[in-house]
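What follows is the content of upload.tsv (TSV, C-alpha atoms and all ligand atoms).
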chain	number	residue	atom	x	y	z
A	1	MET	CA	81.51	-284.22	-96.30
A	2	ASN	CA	82.77	-280.97	-97.79
A	3	ILE	CA	86.46	-281.18	-98.66
A	4	GLU	CA	87.94	-278.00	-100.07
A	5	HIS	CA	91.52	-278.25	-98.94
A	6	GLY	CA	94.38	-280.23	-100.49
A	7	ILE	CA	95.37	-283.62	-99.13
A	8	PRO	CA	98.82	-283.44	-97.52
A	9	SER	CA	101.24	-285.76	-99.29
A	10	ALA	CA	104.53	-287.14	-97.99
A	11	ILE	CA	106.60	-288.96	-100.56
A	12	GLU	CA	109.94	-288.62	-102.30
A	13	ALA	CA	110.90	-289.47	-105.86
A	14	VAL	CA	113.19	-292.49	-106.08
A	15	ALA	CA	115.80	-292.72	-108.82
A	16	LYS	CA	119.17	-294.44	-108.93
A	17	PHE	CA	120.63	-293.26	-112.26
A	18	GLN	CA	122.67	-296.40	-112.94
A	19	PHE	CA	122.07	-298.18	-116.24
A	20	ALA	CA	121.49	-301.44	-114.31
A	21	ASP	CA	118.47	-299.83	-112.61
A	22	TYR	CA	116.73	-299.57	-115.99
A	23	VAL	CA	116.98	-303.31	-116.67
A	24	GLU	CA	113.55	-304.93	-116.77
A	25	ASP	CA	113.80	-308.15	-114.83
A	26	ASN	CA	110.23	-308.89	-113.75
A	27	PRO	CA	108.55	-310.83	-116.62
A	28	THR	CA	105.11	-310.99	-114.95
A	29	LEU	CA	104.94	-307.24	-114.38
A	30	LEU	CA	106.43	-306.59	-117.80
A	31	SER	CA	103.69	-308.65	-119.44
A	32	LEU	CA	101.06	-306.68	-117.44
A	33	TYR	CA	102.67	-303.47	-118.71
A	34	HIS	CA	102.64	-304.63	-122.37
A	35	LYS	CA	99.02	-305.73	-121.98
A	36	ALA	CA	98.12	-302.34	-120.49
A	37	LYS	CA	99.57	-300.54	-123.53
A	38	ARG	CA	97.80	-302.85	-125.99
A	39	ASN	CA	94.44	-302.49	-124.24
A	40	GLN	CA	94.19	-298.70	-124.22
A	41	TRP	CA	90.78	-297.37	-125.30
A	42	ASP	CA	89.19	-293.97	-125.73
A	43	ALA	CA	86.31	-293.03	-123.44
A	44	HIS	CA	85.29	-290.25	-125.82
A	45	MET	CA	85.17	-292.41	-128.97
A	46	ASP	CA	84.35	-295.91	-127.70
A	47	ILE	CA	81.24	-295.00	-125.67
A	48	ASP	CA	78.07	-293.54	-127.20
A	49	TRP	CA	77.46	-290.60	-124.84
A	50	THR	CA	74.25	-289.61	-126.61
A	51	TYR	CA	72.57	-292.64	-124.99
A	52	GLU	CA	69.76	-291.77	-122.54
A	53	LEU	CA	69.63	-293.57	-119.19
A	54	ASN	CA	66.38	-294.73	-117.59
A	55	GLU	CA	65.40	-291.80	-115.37
A	56	ASP	CA	63.89	-294.00	-112.65
A	57	ASN	CA	66.79	-296.46	-112.59
A	58	PRO	CA	69.85	-295.03	-114.38
A	59	LEU	CA	72.09	-298.09	-113.95
A	60	ALA	CA	69.16	-300.46	-114.62
A	61	MET	CA	69.93	-302.46	-111.49
A	62	PRO	CA	67.39	-304.85	-109.93
A	63	ASP	CA	65.78	-303.58	-106.70
A	64	GLY	CA	67.16	-306.65	-104.93
A	65	THR	CA	70.58	-304.92	-104.89
A	66	ILE	CA	69.27	-302.05	-102.67
A	67	ALA	CA	70.21	-302.69	-99.03
A	68	ILE	CA	66.76	-301.87	-97.60
A	69	TYR	CA	64.84	-303.80	-100.29
A	70	GLY	CA	62.14	-306.01	-98.74
A	71	SER	CA	62.19	-304.14	-95.39
A	72	SER	CA	59.05	-302.53	-93.92
A	73	THR	CA	60.49	-299.11	-94.90
A	74	TRP	CA	60.77	-300.29	-98.52
A	75	ASP	CA	57.32	-301.88	-98.49
A	76	LYS	CA	55.76	-298.57	-97.38
A	77	MET	CA	57.34	-296.58	-100.23
A	78	SER	CA	55.37	-295.38	-103.24
A	79	GLU	CA	56.72	-296.15	-106.73
A	80	LYS	CA	57.89	-292.53	-106.98
A	81	ASN	CA	59.82	-292.81	-103.70
A	82	ARG	CA	61.44	-296.02	-104.90
A	83	ALA	CA	62.54	-294.31	-108.12
A	84	ASP	CA	64.01	-291.50	-105.95
A	85	LEU	CA	65.79	-294.04	-103.80
A	86	ARG	CA	67.30	-295.82	-106.85
A	87	ASN	CA	68.56	-292.44	-108.05
A	88	HIS	CA	70.08	-291.65	-104.65
A	89	VAL	CA	71.70	-295.06	-104.16
A	90	GLN	CA	73.14	-295.14	-107.68
A	91	GLY	CA	74.15	-291.46	-107.55
A	92	TRP	CA	75.97	-292.10	-104.27
A	93	ASN	CA	77.74	-295.19	-105.64
A	94	ILE	CA	78.86	-293.55	-108.87
A	95	SER	CA	79.96	-290.42	-106.95
A	96	GLN	CA	82.13	-292.57	-104.68
A	97	ILE	CA	83.57	-294.42	-107.68
A	98	LEU	CA	84.38	-291.08	-109.31
A	99	HIS	CA	86.14	-289.78	-106.15
A	100	GLY	CA	87.91	-293.13	-105.81
A	101	GLU	CA	89.13	-292.85	-109.42
A	102	GLN	CA	90.65	-289.46	-108.59
A	103	GLY	CA	92.35	-291.04	-105.57
A	104	ALA	CA	93.62	-293.84	-107.83
A	105	LEU	CA	95.08	-291.22	-110.19
A	106	PHE	CA	97.00	-289.65	-107.26
A	107	CYS	CA	98.21	-293.04	-106.04
A	108	ALA	CA	99.33	-294.37	-109.44
A	109	SER	CA	101.29	-291.17	-110.09
A	110	ARG	CA	102.95	-291.31	-106.68
A	111	ILE	CA	103.84	-295.01	-107.13
A	112	ALA	CA	105.43	-294.13	-110.50
A	113	GLN	CA	107.42	-291.49	-108.65
A	114	SER	CA	108.36	-293.29	-105.44
A	115	GLU	CA	108.70	-296.95	-106.42
A	116	PRO	CA	112.33	-298.08	-106.86
A	117	ASP	CA	111.52	-300.83	-109.43
A	118	MET	CA	111.50	-299.51	-113.02
A	119	VAL	CA	108.88	-301.97	-114.34
A	120	ILE	CA	106.52	-301.00	-111.50
A	121	LYS	CA	107.07	-297.37	-112.57
A	122	TYR	CA	106.09	-298.39	-116.14
A	123	CYS	CA	102.90	-300.14	-114.97
A	124	ASN	CA	101.85	-297.19	-112.86
A	125	ALA	CA	102.61	-294.69	-115.60
A	126	VAL	CA	100.04	-296.50	-117.77
A	127	GLN	CA	97.68	-296.69	-114.81
A	128	VAL	CA	97.78	-292.87	-114.56
A	129	MET	CA	96.36	-292.76	-118.10
A	130	ASP	CA	93.79	-295.44	-117.23
A	131	GLU	CA	92.61	-293.53	-114.15
A	132	ALA	CA	92.32	-290.26	-116.10
A	133	ARG	CA	90.09	-292.13	-118.57
A	134	HIS	CA	88.02	-293.57	-115.71
A	135	ILE	CA	87.51	-290.10	-114.22
A	136	GLU	CA	86.35	-288.99	-117.67
A	137	VAL	CA	83.93	-291.96	-117.90
A	138	TYR	CA	82.38	-291.52	-114.46
A	139	SER	CA	82.16	-287.74	-114.58
A	140	ARG	CA	80.30	-288.03	-117.91
A	141	LEU	CA	78.07	-290.72	-116.43
A	142	MET	CA	77.43	-288.51	-113.37
A	143	SER	CA	76.36	-285.67	-115.63
A	144	LYS	CA	73.50	-287.95	-116.81
A	145	MET	CA	72.37	-288.75	-113.27
A	146	LYS	CA	70.13	-286.77	-110.93
A	147	ASN	CA	72.07	-286.97	-107.64
A	148	SER	CA	75.74	-286.47	-106.90
A	149	TYR	CA	77.47	-286.75	-103.53
A	150	PRO	CA	80.76	-285.60	-102.02
A	151	ILE	CA	83.30	-288.23	-100.98
A	152	SER	CA	82.19	-290.37	-98.03
A	153	GLY	CA	83.88	-289.66	-94.69
A	154	ALA	CA	85.29	-293.21	-94.60
A	155	LEU	CA	86.76	-293.09	-98.11
A	156	TYR	CA	88.30	-289.67	-97.47
A	157	LYS	CA	89.84	-290.87	-94.21
A	158	LEU	CA	91.47	-293.80	-96.00
A	159	LEU	CA	92.70	-291.65	-98.88
A	160	GLU	CA	94.17	-289.10	-96.48
A	161	GLN	CA	95.94	-291.86	-94.58
A	162	ILE	CA	97.43	-293.33	-97.77
A	163	MET	CA	98.54	-289.93	-99.10
A	164	GLY	CA	100.10	-288.91	-95.79
A	165	GLU	CA	102.17	-292.10	-95.62
A	166	SER	CA	105.84	-291.81	-96.57
A	167	ARG	CA	106.50	-295.56	-96.96
A	168	HIS	CA	106.16	-296.12	-100.71
A	169	ASP	CA	104.30	-299.45	-100.67
A	170	PHE	CA	101.27	-298.05	-98.79
A	171	ALA	CA	99.87	-296.40	-101.91
A	172	SER	CA	99.85	-299.75	-103.65
A	173	LEU	CA	98.53	-301.63	-100.61
A	174	GLY	CA	95.84	-299.06	-99.79
A	175	MET	CA	94.76	-298.24	-103.32
A	176	GLN	CA	95.56	-301.14	-105.65
A	177	ILE	CA	94.68	-303.89	-103.20
A	178	LEU	CA	92.07	-302.49	-100.81
A	179	ILE	CA	90.20	-299.65	-102.56
A	180	GLU	CA	90.50	-301.15	-106.06
A	181	GLY	CA	89.50	-304.55	-104.62
A	182	LEU	CA	86.34	-302.90	-103.30
A	183	ALA	CA	85.73	-301.12	-106.62
A	184	LEU	CA	86.20	-304.38	-108.56
A	185	THR	CA	83.36	-305.93	-106.58
A	186	PHE	CA	81.06	-303.01	-107.39
A	187	PHE	CA	82.02	-303.09	-111.09
A	188	LYS	CA	81.45	-306.85	-111.34
A	189	ASN	CA	78.02	-306.47	-109.69
A	190	VAL	CA	76.99	-303.73	-112.10
A	191	GLN	CA	78.24	-305.70	-115.08
A	192	ALA	CA	76.46	-308.85	-113.91
A	193	TYR	CA	73.13	-307.35	-112.80
A	194	SER	CA	72.51	-304.24	-114.92
A	195	ASN	CA	69.88	-304.73	-117.62
A	196	ASP	CA	71.21	-301.86	-119.73
A	197	PRO	CA	73.66	-302.71	-122.58
A	198	PHE	CA	75.21	-299.19	-122.42
A	199	VAL	CA	75.97	-299.54	-118.70
A	200	LYS	CA	77.24	-303.12	-119.12
A	201	ASN	CA	79.54	-302.20	-121.99
A	202	MET	CA	80.98	-299.14	-120.20
A	203	GLN	CA	81.51	-301.19	-117.07
A	204	ALA	CA	83.23	-304.01	-118.96
A	205	LEU	CA	85.77	-301.57	-120.41
A	206	VAL	CA	86.64	-300.12	-116.98
A	207	LEU	CA	86.64	-303.54	-115.33
A	208	ARG	CA	89.31	-304.82	-117.70
A	209	ASP	CA	91.65	-301.99	-116.63
A	210	GLU	CA	90.82	-302.37	-112.93
A	211	ALA	CA	91.46	-306.13	-112.90
A	212	ARG	CA	94.93	-305.35	-114.26
A	213	HIS	CA	95.58	-302.70	-111.57
A	214	PHE	CA	94.55	-305.12	-108.84
A	215	ALA	CA	96.86	-307.80	-110.32
A	216	THR	CA	99.75	-305.32	-110.63
A	217	GLY	CA	99.48	-304.41	-106.94
A	218	GLN	CA	99.46	-308.07	-105.94
A	219	VAL	CA	102.47	-309.02	-108.07
A	220	ALA	CA	104.46	-305.95	-106.96
A	221	LEU	CA	103.75	-306.38	-103.24
A	222	SER	CA	104.16	-310.15	-103.17
A	223	GLY	CA	107.71	-309.55	-104.37
A	224	PHE	CA	108.34	-306.82	-101.80
A	225	TYR	CA	106.82	-307.96	-98.49
A	226	PRO	CA	108.97	-311.09	-98.04
A	227	GLN	CA	112.00	-308.75	-97.96
A	228	LEU	CA	110.69	-306.82	-94.94
A	229	MET	CA	111.43	-307.46	-91.28
A	230	GLU	CA	108.70	-309.15	-89.23
A	231	HIS	CA	107.77	-305.91	-87.39
A	232	GLU	CA	107.53	-304.02	-90.70
A	233	ARG	CA	105.14	-306.63	-92.11
A	234	ARG	CA	103.10	-306.37	-88.91
A	235	GLU	CA	102.72	-302.60	-89.44
A	236	ARG	CA	101.29	-303.29	-92.92
A	237	GLU	CA	98.99	-305.92	-91.49
A	238	GLU	CA	97.69	-303.45	-88.87
A	239	PHE	CA	97.04	-300.97	-91.65
A	240	VAL	CA	95.07	-303.60	-93.61
A	241	VAL	CA	92.85	-304.40	-90.62
A	242	GLU	CA	92.18	-300.74	-89.87
A	243	ALA	CA	91.49	-299.99	-93.56
A	244	CYS	CA	89.08	-302.95	-93.79
A	245	HIS	CA	87.13	-301.51	-90.82
A	246	THR	CA	86.98	-298.18	-92.68
A	247	LEU	CA	85.86	-299.82	-95.94
A	248	ARG	CA	83.06	-301.67	-94.12
A	249	GLU	CA	81.92	-298.32	-92.71
A	250	HIS	CA	81.97	-296.88	-96.25
A	251	LEU	CA	79.79	-299.76	-97.52
A	252	PHE	CA	76.95	-298.76	-95.20
A	253	GLY	CA	76.49	-295.71	-97.48
A	254	GLU	CA	74.71	-293.73	-94.79
A	255	ASP	CA	74.85	-290.34	-96.54
A	256	ILE	CA	71.80	-290.93	-98.71
A	257	TRP	CA	69.07	-291.20	-96.08
A	258	THR	CA	68.89	-287.59	-94.93
A	259	PRO	CA	68.46	-286.25	-98.51
A	260	MET	CA	65.81	-288.98	-98.98
A	261	GLY	CA	63.94	-287.70	-95.92
A	262	ILE	CA	64.28	-291.01	-94.05
A	263	PRO	CA	65.71	-290.87	-90.50
A	264	ARG	CA	69.36	-291.95	-90.62
A	265	SER	CA	69.07	-293.94	-87.38
A	266	GLU	CA	66.20	-296.03	-88.80
A	267	CYS	CA	68.21	-296.96	-91.89
A	268	ARG	CA	71.43	-297.54	-89.98
A	269	GLU	CA	69.81	-300.46	-88.16
A	270	LEU	CA	68.11	-301.74	-91.31
A	271	ILE	CA	71.33	-301.74	-93.30
A	272	ARG	CA	73.38	-303.35	-90.56
A	273	ALA	CA	70.87	-306.20	-90.45
A	274	SER	CA	70.41	-306.32	-94.23
A	275	GLN	CA	71.19	-309.65	-95.95
A	276	ILE	CA	71.89	-307.69	-99.14
A	277	ASN	CA	74.53	-305.55	-97.45
A	278	GLN	CA	76.09	-308.61	-95.83
A	279	SER	CA	76.24	-310.37	-99.17
A	280	MET	CA	77.91	-307.27	-100.71
A	281	GLN	CA	80.47	-307.31	-97.89
A	282	ARG	CA	81.19	-310.99	-98.47
A	283	SER	CA	81.74	-310.28	-102.19
A	284	VAL	CA	84.25	-307.56	-101.29
A	285	PHE	CA	86.17	-309.84	-98.93
A	286	ARG	CA	86.12	-312.66	-101.48
A	287	HIS	CA	88.51	-310.39	-103.43
A	288	LEU	CA	90.43	-308.87	-100.56
A	289	VAL	CA	91.17	-311.87	-98.33
A	290	PRO	CA	93.03	-314.01	-100.93
A	291	ALA	CA	94.91	-310.88	-102.07
A	292	VAL	CA	96.03	-310.05	-98.50
A	293	SER	CA	97.06	-313.68	-98.00
A	294	GLY	CA	98.86	-313.80	-101.38
A	295	ILE	CA	101.04	-310.76	-100.62
A	296	GLY	CA	102.11	-312.31	-97.32
A	297	LEU	CA	100.16	-310.18	-94.81
A	298	MET	CA	97.95	-312.87	-93.32
A	299	GLY	CA	99.54	-312.81	-89.87
A	300	ARG	CA	97.86	-313.32	-86.52
A	301	GLU	CA	95.98	-310.01	-86.45
A	302	ALA	CA	94.60	-310.23	-90.00
A	303	THR	CA	93.64	-313.88	-89.45
A	304	ARG	CA	91.75	-312.97	-86.26
A	305	PHE	CA	89.97	-310.04	-87.92
A	306	PHE	CA	88.86	-311.98	-91.03
A	307	ASP	CA	87.82	-314.91	-88.86
A	308	ASN	CA	85.73	-312.61	-86.62
A	309	ILE	CA	83.81	-311.24	-89.59
A	310	GLY	CA	83.36	-314.73	-91.07
A	311	VAL	CA	85.43	-314.39	-94.27
A	312	LEU	CA	88.66	-316.21	-93.41
A	313	SER	CA	87.75	-319.24	-95.55
A	314	TYR	CA	88.25	-317.05	-98.67
A	315	ALA	CA	92.00	-317.02	-97.95
A	316	ALA	CA	92.33	-320.40	-99.64
A	317	ALA	CA	90.56	-319.18	-102.83
A	401	FE	FE	90.15	-296.69	-112.15
A	402	FE	FE	92.40	-298.53	-111.04
Have the structure of the file written as structure tokens, please.
Amino acid sequence: MNIEHGIPSAIEAVAKFQFADYVEDNPTLLSLYHKAKRNQWDAHMDIDWTYELNEDNPLAMPDGTIAIYGSSTWDKMSEKNRADLRNHVQGWNISQILHGEQGALFCASRIAQSEPDMVIKYCNAVQVMDEARHIEVYSRLMSKMKNSYPISGALYKLLEQIMGESRHDFASLGMQILIEGLALTFFKNVQAYSNDPFVKNMQALVLRDEARHFATGQVALSGFYPQLMEHERREREEFVVEACHTLREHLFGEDIWTPMGIPRSECRELIRASQINQSMQRSVFRHLVPAVSGIGLMGREATRFFDNIGVLSYAAA
């Protein structure tokens, strides 16, 4: 997908200019903010960028994490083709993370601008710095990899929807809960399965920030959604269900097959039936479902959707 135009944005800055509005009265968010300041790190100084990645497997991930691993298509591949595939899959994933980090930068800055609560502004101001650092990390990592990809159609669609939304909580719901929930799963997988200490260390640093962003979104929204009218909560719930459909589409990662010279239709079927892809989806929903439930959006529609895709039991986690 070739995106050259700007993403339309509809949001206004919220300020009240009374001293009382500056009073910090949310201890949980305030402690997340203090922790965020204490845990700042420097991507330039704290990571050894002279390190060389393995050229056949840059993230040093086991082949069992590739969706078509073990299929007849995989079995027919030469070792060179498998190395190409690892480079494409990992290049696609890191490209999407990089684009997602840019989206997170936009969202954190707009939450700092549009959110009425001062402590939430604080938290998001620090998150802007975190996301700038993450863009720095993943763009430097990309420069060491062979294949880069534009943003996936599904991720762009979701980002455009979030940015075009004038209701201020959608940036937090769409980015901090849904997209960052998805990213957390990817980061945890890389940290758990990579055999490369450089990759593991880099991932651990980013993961610490991302876990805080995900928690900030949950605390902020769980304080906000109970104040809404029933029909307003239902609109958020509809957005969650639609966004989860879009994120599942994104997870199929179908952009890599044409550059690999494998027919897209052949891989589409393989990936949809793939146990590895299904297990990745379950890991994503293990994060998302309890978060959606915790912020008070597990109404009838969300319950039905999560039940249909077999992940409702995670709500109790
Ligand atoms: Fe990030
Ligand atoms: Fe983040």
So, with only C-alpha atoms and all ligand atoms as the atoms that count, which of A:Leu228, A:Val89, A:Ile94, A:Cys107 lies closest to ligand FE 402 (chain A)?
A:Cys107
Neighbours of range 35-52 of chain A within 9 Å (all atoms listed in the file; same-chain residues fewer than 2 positions away dropped), as a count of residues only?
26
Please indicate the distance in Å from CA of Asn26 in chain A to CA of Ile177 in chain A, rounded to one decimal place.
19.4 Å
List as a PyMOL selection string the protein and nucleic acid residues near His245 in chain A, meaning an atom at most 10 Å away when only C-alpha atoms are counted, but skip any in the same chain fewer than 5 places from it.
chain A and resi 154+239-240+250+305
Counting only C-alpha atoms and all ligand atoms, what residues are within 12 Å of ligand FE 401 (chain A), given as a ChimeraX atom specification?
/A:96-108,124,126-138,175-176,179-184,187,203,205-214
Can you pull out every residue within 8 Å of Ile11 in chain A, counting only C-alpha atoms, but drop anything in the same chain fewer than 3 positions away, and send it as a list of chain:residue names?
A:Arg110, A:Ser114, A:Glu165, A:Ser166, A:Arg167, A:His168
Around (87.0, -319.1, -93.4) in the file's frame, which residues reach within 12 Å when counting all atoms listed in the file? Return as a ChimeraX atom specification?
/A:282,285-286,289-290,303-317
Would you kindly return, as a compact mmCIF listing (two decimals) with C-alpha atoms, keeping the file's coordinate frame, each protein, DNA or RNA residue with an atom no farther than 9 Å from any atom of Met260 in chain A, considering all atoms listed in the file and excluding same-chain residues fewer than 5 positions away?
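Result file follows (around.txt):
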# COMPACT_ATOMS: atom_id res chain seq x y z
CA ASN A 81 59.82 -292.81 -103.70
CA ASP A 84 64.01 -291.50 -105.95
CA LEU A 85 65.79 -294.04 -103.80
CA HIS A 88 70.08 -291.65 -104.65
Can you list, as a PyMOL selection string, every protein, DNA or RNA residue that comes within 7 Å of range 13-19 of chain A when you count only C-alpha atoms, leaving out same-chain residues fewer than 2 positions away?
chain A and resi 11+21-22+113-116
Would you mind telling me which residue in A:Asp75, A:Met298, A:Ala60, A:Val219 lies nearest to Pro197 in chain A when using only C-alpha atoms?
A:Ala60
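With all atoms listed in the file as the basis for measurement, A:Ile295 is the residue among A:Ala204, A:Ala192, A:Ile295, A:Leu288 that approaches Leu221 in chain A most closely.
For the pair CA of Ser139 in chain A and CA of Pro259 in chain A, the interatomic distance is 21.2 Å.
If you measure from each of A:Ile256, A:Ala125, A:Met142, A:Leu155 to ligand FE 402 (chain A) using all atoms listed in the file, the closest one turns out to be A:Ala125.
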With distances taken over only C-alpha atoms and all ligand atoms, the candidate from A:Ala171, A:Glu266, A:Lys80, A:Met118 nearest ligand FE 402 (chain A) is A:Ala171
Range 92-98 of chain A, all listed atoms, 4 Å padding on each side: what axis-aligned box centre and edge lengths in Å to one decimal come out, as AutoDock Vina command-line options?
--center_x 80.2 --center_y -292.8 --center_z -106.8 --size_x 16.4 --size_y 12.8 --size_z 13.0
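When CA of Ile7 in chain A is paired with CA of Tyr156 in chain A, their separation reads 9.5 Å.
With distances restricted to only C-alpha atoms and all ligand atoms, A:Gly217 is the closest residue to ligand FE 402 (chain A) from A:Gly153, A:Gly253, A:Gly217, A:Pro62.
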